[in-house]
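To start, the structure itself, in structure tokens.
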Amino acid sequence: MNIKRQHETYAEEYEAAALKVLRSGGYIGGPEVSSFEEEFANYCGAKYGVSCGSGTDALVIALRALGIGPGDEVITVSWTFFATAESIAAVGATPVFIDVCPDTYVMDKSLIEGAITEKTKAVLPVHFYGQSCDMEAITAICKKHNLYLITDCAQSAGTKYKGSRHKTLGDISCFSFFPTKNLGCDGDGGMIVTDDSNLAQTCRSLKVHGSGKDGLMSLKRNYEISGTAFPDNMPIGESKYYNYLVGYNSRLDAIQAAILRRKLLHLDEFIEKRRLNAVYYNNELANTEYITPIEADNGEHSYYIYALKHPNADQIMTYLRNRGIACGTYYPVPLHLQGAFAHLEYKQGDLPVTEDLSKTTFAIPIFPELFDEEKQFIVSTLKEALNG
Ligand SMILES: Cc1ncc(COP(=O)(O)O)c(C=O)c1O
């Protein structure tokens, strides 16, 4: 991803937006942040958007808002970025890893029910690389077993399922605006989207120290749910110095929000270019030894990552890198085998599809601003690598 080139495409718009905020003196919250929340939620077809400091924070806050914590299990995938499962562990719950489909690389719906125990509270699939999961099936399983559905959309801004972005969402969904993402800011940023006003309110409170009216309303709801009377001796106020939940300081800066608002206007154009680049690669690499990505039934891939599959992935990557082509495996260590989760006692062989993908797939540049000559060079070098 050439982030500099992305910036340069609409540099004047982004820089003017950032400068306006710099000169305004309002750096925390304010109209750019609230407008971006509304515009991005709208883009997703969701009712509410709550911005925060990163995609990781979005996941942690979403899990907390659902009341997930110690003693709970959350079913997720191992074939994802660490933050997906890290967030589950960070709230004190346990990630339960299942495998992905060998062709689409997203959660294998047929494995969910077998992983459900009496401790399971939620399913957390990832629209990995920008590929939509089978939302219809996963939603039905969650409904049947009364589980929350949290979707990790960090890699899937703009992805559609059955022609709709809204259909990629769960009870609550989490986005990342890390600079390389389809919609990336110039630093860190994230967003939670949901159609549930209570969940949105709790998230809004958690991201600012559980304070103010949002915190108070959330705490009152917690008492109501637990069937306990709300104490009558609590200091009550609606300013930010009244704290009702133990939360976080996780805000999207006004400068980032201003830039993201302008980038959002171009997001569909960026995704269209990614999709065209994918078609080019698919056509050029058809009838070679490379397995090119497929688009899941009912899904519209947004190609955050375009990964090829080949048994000699490592040698091919070396060949490409020696010729100046950026490439890499996303991600080389499946989460169930990561040192941080050693205490969960998964072992090699537990998730064969994931383990195979971590050894045989590699991503090549797909970003929207790629030049035709660069794509041609990448394709010809990939073909040479098969003979070299
Ligand atoms: C699948 C997935 N989940 C979560 C995250 C975390 O997002 P962030 O880096 O904004 O914290 C990322 C991205 O980096 C990701 O790719």
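Starting from 1 in every chain, residues are counted up; chains themselves are A, B, ... following the order of the structure tokens, and ligands are numbered from 1 as listed.
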Q: Please check which protein, DNA or RNA residues sit within 7 Å of ligand 1, counting only C-alpha atoms and all ligand atoms, and write them as a count of residues only.
A: 20
Residues of range 280-312 of chain A within 12 Å of range 256-270 of chain A: nearest atom pair and distance (Å, one decimal) for each, counting only C-alpha atoms, sorted by chain and number, as a Markdown table?
```
| residue | atom | partner | partner_atom | distance |
| --- | --- | --- | --- | --- |
| A:Ser302 | CA | A:Phe270 | CA | 9.2 |
| A:Tyr303 | CA | A:Phe270 | CA | 10.2 |
| A:Tyr304 | CA | A:Phe270 | CA | 10.2 |
```
Would you write out those residues with C-alpha atoms, as a short mmCIF file (atom, residue, chain, number, x, y, z; two decimals), in the first residue's frame?
```
data_model
loop_
_atom_site.label_atom_id
_atom_site.label_comp_id
_atom_site.auth_asym_id
_atom_site.auth_seq_id
_atom_site.Cartn_x
_atom_site.Cartn_y
_atom_site.Cartn_z
CA SER A 302 -13.94 -4.96 -1.14
CA TYR A 303 -10.41 -6.39 -1.55
CA TYR A 304 -8.65 -4.80 1.38
#
```
(Q) With only C-alpha atoms as the counted atoms, please give the residues lying no more than 6 Å from Ile172 in chain A, apart from itself and same-chain residues fewer than 5 positions off, as a list in words. (A) Ile150, Val193 and Thr194 of chain A
Kindly save the residues from that selection, with N, CA and C atoms included, as an mmCIF file, in the first residue's frame.
```cif
data_model
loop_
_atom_site.group_PDB
_atom_site.id
_atom_site.type_symbol
_atom_site.label_atom_id
_atom_site.label_comp_id
_atom_site.auth_asym_id
_atom_site.auth_seq_id
_atom_site.Cartn_x
_atom_site.Cartn_y
_atom_site.Cartn_z
ATOM 1 N N ILE A 150 -21.315 -10.192 16.865
ATOM 2 C CA ILE A 150 -20.439 -9.014 16.753
ATOM 3 C C ILE A 150 -19.645 -9.208 15.469
ATOM 4 N N VAL A 193 -20.633 0.519 14.998
ATOM 5 C CA VAL A 193 -21.957 0.867 14.468
ATOM 6 C C VAL A 193 -22.973 -0.170 14.943
ATOM 7 N N THR A 194 -24.182 0.295 15.164
ATOM 8 C CA THR A 194 -25.254 -0.570 15.658
ATOM 9 C C THR A 194 -26.598 0.081 15.372
#
```
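Minimum distance to Gly328 in chain A across A:Phe40, A:Met1, A:Leu63, A:Gln131 (counting only C-alpha atoms) occurs at A:Met1.
Shell of Lys383 in chain A at 12 Å, with only C-alpha atoms counted and residues fewer than 3 places along the chain excluded, is Tyr281, Glu284, Leu285, Ala286, Asn287, Thr288, Glu289, Tyr290, Ile316, Tyr319, Leu320, Gln376, Phe377, Ile378, Val379, Ser380, Leu386, Asn387 and Gly388 of chain A.
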If you keep C-alpha atoms, can you produce a file of those selected residues as an mmCIF file, in the first residue's frame?
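After the write, again.cif holds the following:
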```cif
data_model
loop_
_atom_site.group_PDB
_atom_site.id
_atom_site.type_symbol
_atom_site.label_atom_id
_atom_site.label_comp_id
_atom_site.auth_asym_id
_atom_site.auth_seq_id
_atom_site.Cartn_x
_atom_site.Cartn_y
_atom_site.Cartn_z
ATOM 1 C CA TYR A 281 -5.052 -10.160 -11.560
ATOM 2 C CA GLU A 284 -3.951 -12.592 -15.912
ATOM 3 C CA LEU A 285 -3.256 -15.398 -13.442
ATOM 4 C CA ALA A 286 -6.013 -17.734 -14.593
ATOM 5 C CA ASN A 287 -4.599 -21.043 -15.840
ATOM 6 C CA THR A 288 -1.418 -20.654 -13.789
ATOM 7 C CA GLU A 289 -0.471 -22.574 -10.649
ATOM 8 C CA TYR A 290 -1.703 -19.701 -8.482
ATOM 9 C CA ILE A 316 7.710 -16.806 -4.387
ATOM 10 C CA TYR A 319 11.478 -13.766 -5.582
ATOM 11 C CA LEU A 320 9.028 -10.850 -5.599
ATOM 12 C CA GLN A 376 1.807 -5.629 -15.426
ATOM 13 C CA PHE A 377 5.213 -5.918 -13.745
ATOM 14 C CA ILE A 378 3.697 -7.732 -10.741
ATOM 15 C CA VAL A 379 1.936 -10.235 -13.013
ATOM 16 C CA SER A 380 4.975 -10.897 -15.200
ATOM 17 C CA LEU A 386 6.926 -20.068 -11.168
ATOM 18 C CA ASN A 387 9.820 -20.921 -13.444
ATOM 19 C CA GLY A 388 12.554 -19.436 -11.269
#
```
